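Participant: The structure under discussion is supplied below as structure tokens; questions concerning it will follow.
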Amino acid sequence: MEVSRLRIGLNCGKALEPLTVALKFNADKELLSEQRIARVGLIQNSIALPTTAPFLDQKKAIFQKLKPIIDATGASGVNISCLQEVWMMPFAFCTRQKRWCEFAEPADGESTQFLQSFQGNITWS
């Protein structure tokens with residue numbers, strides 16, 4: 001029962017693909033600042049379409065796949081959601097094929113804008 005509660009969490013009762021695990025780390029009490037609890041969500045995603053699909057379709061599919069996962073972390077009270085490096089594309093660096101460079105984008109590109117859409121869903125307790 002407890003494992004099911006942790007896995008399903010507050011995501012409208014639907015189990016999401018990733019496994020959710022709750023851990024607690026204690027820290028020394030700070031003397032000069034008010035205590036706050038930081039809840040961190042670590043998200044390790046996978047591709048959503050085959051790597052043979054057009055790059056734009058792959059990127060959009062990963063965005064669609066991650067949206068409910070990021071929403072679930074926010075609904076669970078997470079203050080900080082972390083994604084792995086190059087989260088918006090298949091891991092392709094071992095291939096040395098230059099075609100994967102098409103996933104590169106400017107700092108204010110589509111991926112940044114996607115993540116900014118979740119901004120403001122943060123609360124501190």
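Within each chain, counting starts at residue 1; across the structure tokens, chains are named A, B, ... in the order shown, with ligands numbered 1 upward in that order.
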As an MDAnalysis selection string, please: the residues near stretch 65-67 of chain A (cut-off 12 Å, only C-alpha atoms, same-chain neighbours under 6 positions excluded).
Facilitator: chainID A and resid 11 16:18 43:49 58:59 73:74 81:83 87:88 111 114:118
Participant: Can I get the selection written as a PDB file, in the first residue's frame, with C-alpha atoms?
Facilitator:
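Okay, again06.pdb is ready:
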ATOM      1  CA  ASN A  11      -1.000  12.796  -9.899  1.00  0.00           C
ATOM      2  CA  LEU A  16       3.108   7.627 -14.265  1.00  0.00           C
ATOM      3  CA  GLU A  17       5.912   5.814 -16.040  1.00  0.00           C
ATOM      4  CA  PRO A  18       8.715   6.921 -13.710  1.00  0.00           C
ATOM      5  CA  ILE A  43      13.437  13.412 -13.352  1.00  0.00           C
ATOM      6  CA  GLN A  44      15.233  10.961 -15.624  1.00  0.00           C
ATOM      7  CA  ASN A  45      13.260  10.682 -18.846  1.00  0.00           C
ATOM      8  CA  SER A  46      13.597   8.567 -21.947  1.00  0.00           C
ATOM      9  CA  ILE A  47      12.806   9.147 -25.599  1.00  0.00           C
ATOM     10  CA  ALA A  48       9.167   9.272 -26.647  1.00  0.00           C
ATOM     11  CA  LEU A  49       9.536   8.428 -30.349  1.00  0.00           C
ATOM     12  CA  GLN A  58      10.922  13.848 -31.278  1.00  0.00           C
ATOM     13  CA  LYS A  59      11.363  17.083 -29.325  1.00  0.00           C
ATOM     14  CA  THR A  73       6.114  17.007  -9.167  1.00  0.00           C
ATOM     15  CA  GLY A  74       4.528  20.422  -8.681  1.00  0.00           C
ATOM     16  CA  SER A  81      12.484  19.950 -10.518  1.00  0.00           C
ATOM     17  CA  CYS A  82      15.727  18.705 -12.067  1.00  0.00           C
ATOM     18  CA  LEU A  83      16.104  17.107 -15.485  1.00  0.00           C
ATOM     19  CA  TRP A  87      16.826  16.041 -21.624  1.00  0.00           C
ATOM     20  CA  MET A  88      15.047  17.247 -24.752  1.00  0.00           C
ATOM     21  CA  SER A 111      13.166  24.134 -24.271  1.00  0.00           C
ATOM     22  CA  PHE A 114       8.729  25.101 -22.148  1.00  0.00           C
ATOM     23  CA  LEU A 115      10.310  24.974 -18.700  1.00  0.00           C
ATOM     24  CA  GLN A 116       9.416  28.602 -17.984  1.00  0.00           C
ATOM     25  CA  SER A 117       5.756  27.682 -18.445  1.00  0.00           C
ATOM     26  CA  PHE A 118       5.997  25.813 -15.115  1.00  0.00           C
TER      27      PHE A 118
END
Participant: Nearest to A:Ala72 among A:Cys101, A:Gly41, A:Glu85, A:Thr51, with distances taken over only C-alpha atoms: which residue is it?
Facilitator: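 Closest to A:Ala72 of all the choices is A:Gly41.
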Participant: Smallest atom-to-atom distance to A:Lys60: which of A:Lys29, A:Val78, A:Met89, A:Arg39, using only C-alpha atoms?
Facilitator: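 Using only C-alpha atoms, A:Lys60 sits closest to A:Met89.
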Participant: Work out how far apart atom CA of A:Pro50 and atom CA of A:Ile69 are and give it in Å to one decimal.
Facilitator: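 That distance, rounded to one decimal, is 20.2 Å.
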Participant: Of the candidates A:Gln97, A:Thr112, A:Asn79, A:Gln119, which one gets nearest to A:Leu42 if we count only C-alpha atoms?
Facilitator: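 Checking each of A:Gln97, A:Thr112, A:Asn79, A:Gln119 against A:Leu42, counting only C-alpha atoms, the winner is A:Asn79.
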Participant: Residues at most 12 Å from A:Trp100, counting only C-alpha atoms, excluding those fewer than 3 positions away in the same chain, as a list of chain:residue names?
Facilitator: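 Close residues of A:Trp100: A:Thr51, A:Thr52, A:Pro54, A:Phe55, A:Leu56, A:Gln58, A:Lys59, A:Val86, A:Met88, A:Met89, A:Pro90, A:Phe91, A:Ala92, A:Phe93, A:Cys94, A:Thr95, A:Arg96, A:Gln97, A:Phe103, A:Ala104, A:Glu105.
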Participant: Can you write out the residues you just picked, keeping C-alpha atoms, as a compact mmCIF listing (two decimals), in the first residue's frame?
Facilitator:
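File part_6.txt, as written:
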# COMPACT_ATOMS: atom_id res chain seq x y z
CA THR A 51 15.23 8.15 -33.19
CA THR A 52 14.28 7.72 -36.85
CA PRO A 54 11.85 13.79 -37.54
CA PHE A 55 13.76 15.79 -34.93
CA LEU A 56 10.98 18.31 -34.36
CA GLN A 58 10.92 13.85 -31.28
CA LYS A 59 11.36 17.08 -29.32
CA VAL A 86 20.24 17.18 -22.85
CA MET A 88 15.05 17.25 -24.75
CA MET A 89 16.73 14.81 -27.14
CA PRO A 90 17.92 11.21 -27.36
CA PHE A 91 21.36 10.59 -25.91
CA ALA A 92 23.43 10.74 -29.07
CA PHE A 93 26.88 11.92 -28.05
CA CYS A 94 28.42 8.49 -28.34
CA THR A 95 27.62 8.41 -32.08
CA ARG A 96 29.65 11.47 -33.15
CA GLN A 97 27.08 12.09 -35.87
CA PHE A 103 18.70 19.74 -31.38
CA ALA A 104 20.91 22.65 -30.23
CA GLU A 105 19.04 25.86 -29.53
Participant: What residues in stretch 72-118 of chain A get the DSSP label alpha helix (DSSP H)? Please answer as a list in words.
Facilitator: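 Of stretch 72-118 of chain A, the ones in alpha helix (DSSP H) are Ala72, Thr73, Gly74, Ala75, Glu110, Ser111, Thr112, Gln113, Phe114, Leu115 and Gln116 of chain A.
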